[in-house]
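Notes to accompany the following structure.
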Amino acid sequence: MLPLKPIVLFSFLSLALGSSPSWSETGADARYEILAESLLRDAIARETAFGMGAVPAYANSLREHLISVGFPENAVQIVPLGETASLVVRYTGDGSSGRKPILFSSHMDVVPADPNDWVRDPFELQEDDTFYYGRGVLDNKFDVSILTTLFTALRQEGYVPNRDLIIAFTGDEESYQATVQQLTRDYREAIDAEFAFVVDGGGGALNDAGEAFQFKVGFAEKTYATFAVTARNPGGHSSMPRSDNAIFELSDALQRLQGYRFPLQTNEITLTYFERTAPLIGGDVGDAMTRIVADPSDTEAINLLREQPEYVGTLGTTCIPTMLAGGHAENALPQSATATVNCRIFPGNGVEDTLDVLRRVAGNSELEWGIVGEPVSSDASPFNTEIMTAISNSLETLHPGVPVIPQMGSGTTDGAFFRAAGIPSYSVTGIFINPKDSFAHGLNERVPKVSIRESLIFWRAMIDQLAGPTRVPSN
């Protein structure tokens, strides 16, 4: 991993940008594109996975940068929590709209990455003609860098919004999500808002020709729940095998789970998503979407869509084993074997109800089941015409006429906790990417380089529409 650049470089760069207006009629000022890339380069070099303890230093570097461009110290607050932290930034408006703030949220942590498995060093921002590469470059340090650059540009313009704007960068979205819970529970006044943009999901899709064909906005998420299932056995010496064996029993249960599919479920969001996406996709997949909208019992259409990883989560609850542990010595019969089963539960279904299904399907009453952590569920955010119109308008200079489509997220973001706390949340990013190139959590994670420019243009336009057009106070 390359050594981190001194934080002071960001301060000098930021101040060198000057205070003149930063946007032209055609897009973002190139100086802010340079800043966003520099912030992203520093971010990727920080191994902010759970257990590394690197998030507080990253949060502090962002805080120092924002203070250097003119934010008051009391407007940029680090909220510590164990080995991690959150960063809350308030951009004070003039209050002329009489409306509550807008909250923007992304997360500073990443999932682990083993450099030995990657083609490139995951903790060094690398690039080719098309992409940037690195752990977190798509999920979610890109958007942290974009939001930081956006607030920098607004501050240096002297922009005065008609309501407060708030950033909440959380520190453990990829693990326990304790930081967002801390903010909603103990710092509600600091992050309270009319609505939140969770800048970690949604966004634009490109086809194989590089053309934008849809832009998704997340209105709801499935409940994230993890279960542990354990088989136990007296064990013994491996030279004297028993007919019962903890590993075999656990394996049998997992095979039964492998063959089970939860029933199809739909709601207004998913049906609207299929209806609007079908003509854009075309072919057998698009036809299957159309058929499900017309007849949710169409088994052939259901099975076809379930074979598509990007759509299977939209069809109902899914549960999949993700980790295994068992045995205590190579020459001993296993005394226990445990599997971790991760479920994404369709709205309207409870955690306990889902666990009951897993117990029944596993078919072994001797297995021990438990819930890992504290799952959270939340209702869908209400349809917001103002937001959808602002998104459509903000995309017009980038991808004219691209359809804006509501969706239900198959994964869980911090938005689920904001919704549960009563803050309607919408998952949106300015990134357009071909689903085939989306390697978040995987090897050789990447993001299109043009996304820096496009994201800055998109979010600047969104600010103008939702917090008032550009206004610089008179001296």
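Numbering starts fresh at 1 for the residues of each chain in the structure tokens, the chains themselves are lettered A, B, ... in the order given, and ligands are numbered from 1 as they appear.
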Let's see if you can do this: from backbone DSSP, list all strand (DSSP E) residues in segment 255-335 of chain A, as a ChimeraX atom specification.
/A:318-326,332-333
Please produce an output containing N, CA and C atoms for each residue in the selection, written as a short mmCIF file (atom, residue, chain, number, x, y, z; two decimals), in the first residue's frame.
```cif
data_model
loop_
_atom_site.label_atom_id
_atom_site.label_comp_id
_atom_site.auth_asym_id
_atom_site.auth_seq_id
_atom_site.Cartn_x
_atom_site.Cartn_y
_atom_site.Cartn_z
N THR A 318 -34.81 -13.66 -0.26
CA THR A 318 -33.73 -14.58 -0.63
C THR A 318 -32.88 -14.86 0.61
N CYS A 319 -32.43 -16.10 0.75
CA CYS A 319 -31.53 -16.49 1.84
C CYS A 319 -30.42 -17.35 1.26
N ILE A 320 -29.20 -17.07 1.68
CA ILE A 320 -28.06 -17.77 1.11
C ILE A 320 -26.98 -17.95 2.18
N PRO A 321 -26.36 -19.15 2.28
CA PRO A 321 -25.24 -19.31 3.22
C PRO A 321 -24.03 -18.51 2.75
N THR A 322 -23.37 -17.84 3.68
CA THR A 322 -22.23 -17.00 3.33
C THR A 322 -20.93 -17.37 4.05
N MET A 323 -21.03 -18.09 5.18
CA MET A 323 -19.81 -18.48 5.90
C MET A 323 -20.02 -19.84 6.56
N LEU A 324 -18.91 -20.56 6.74
CA LEU A 324 -18.92 -21.87 7.39
C LEU A 324 -17.81 -21.95 8.42
N ALA A 325 -18.08 -22.67 9.52
CA ALA A 325 -17.04 -22.95 10.52
C ALA A 325 -17.38 -24.29 11.15
N GLY A 326 -16.37 -25.12 11.37
CA GLY A 326 -16.66 -26.42 11.97
C GLY A 326 -15.42 -27.18 12.38
N ALA A 332 -10.07 -35.30 14.85
CA ALA A 332 -11.20 -35.45 15.77
C ALA A 332 -12.51 -35.27 15.03
N LEU A 333 -13.51 -36.03 15.44
CA LEU A 333 -14.84 -35.83 14.88
C LEU A 333 -15.37 -34.47 15.32
#
```
Fewer than 5 positions away in the same chain doesn't count, so skip those; otherwise give me all residues within 6 Å of segment 81-86 of chain A, counting only C-alpha atoms, as number ranges by chain.
A: 53, 55-56, 169-171
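Atom to atom, atom CA of Leu87 of chain A and atom CA of Val110 of chain A stand 15.7 Å apart.
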At most 12 Å is the cut-off: for each residue in segment 74-139 of chain A with any atom that close to an atom of segment 418-425 of chain A, write down the nearest atom pair and the distance in Å rounded to one decimal, counting only C-alpha atoms, chain first then increasing number, as a Markdown table.
```
| residue | atom | partner | partner_atom | distance |
| --- | --- | --- | --- | --- |
| A:Lys100 | CA | A:Ile423 | CA | 11.0 |
| A:Pro101 | CA | A:Ile423 | CA | 11.0 |
| A:Ile102 | CA | A:Ile423 | CA | 10.1 |
| A:Leu103 | CA | A:Ser425 | CA | 8.9 |
| A:Phe104 | CA | A:Ser425 | CA | 9.5 |
| A:Ser105 | CA | A:Ser425 | CA | 9.7 |
```
So that I can see what lies close to segment 130-145 of chain A, please list as a ChimeraX atom specification the residues with an atom at most 7 Å from it, counting only C-alpha atoms and leaving out residues fewer than 5 positions away in the same chain.
/A:36,39-40,43-44,106-108,110,113,122-125,199-200,440,444-449
Determine the nearest neighbour of Arg359 of chain A from the options A:Phe432, A:Phe151, A:Phe227, A:Phe458, counting only C-alpha atoms.
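Of A:Phe432, A:Phe151, A:Phe227, A:Phe458, the one nearest Arg359 of chain A, counting only C-alpha atoms, is A:Phe227.
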Counting only C-alpha atoms, what is within 8 Å of Phe417 of chain A, bar same-chain residues fewer than 2 positions away, as a PyMOL selection string?
chain A and resi 180-181+184+376-378+414-415+419-421
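Nearest residue to Glu352 of chain A, choosing from A:Gln258, A:Thr226, A:Ser239, A:Gln156 and counting only C-alpha atoms: A:Thr226.
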Contacts of segment 390-396 of chain A at 6 Å (only C-alpha atoms; same-chain gap of 4+ positions) as number ranges by chain
A: 400, 458, 461-462
Using only C-alpha atoms, which of the listed residues (A:Asp298, A:Asp29, A:Glu249, A:Glu211) sits closest to Ala362 of chain A?
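Between A:Asp298, A:Asp29, A:Glu249, A:Glu211, the residue approaching Ala362 of chain A most closely is A:Glu249.
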Given only C-alpha atoms as the counted atoms, nearest of A:Thr314, A:Thr223, A:Asn245, A:Asn364 to Arg344 of chain A
A:Thr223
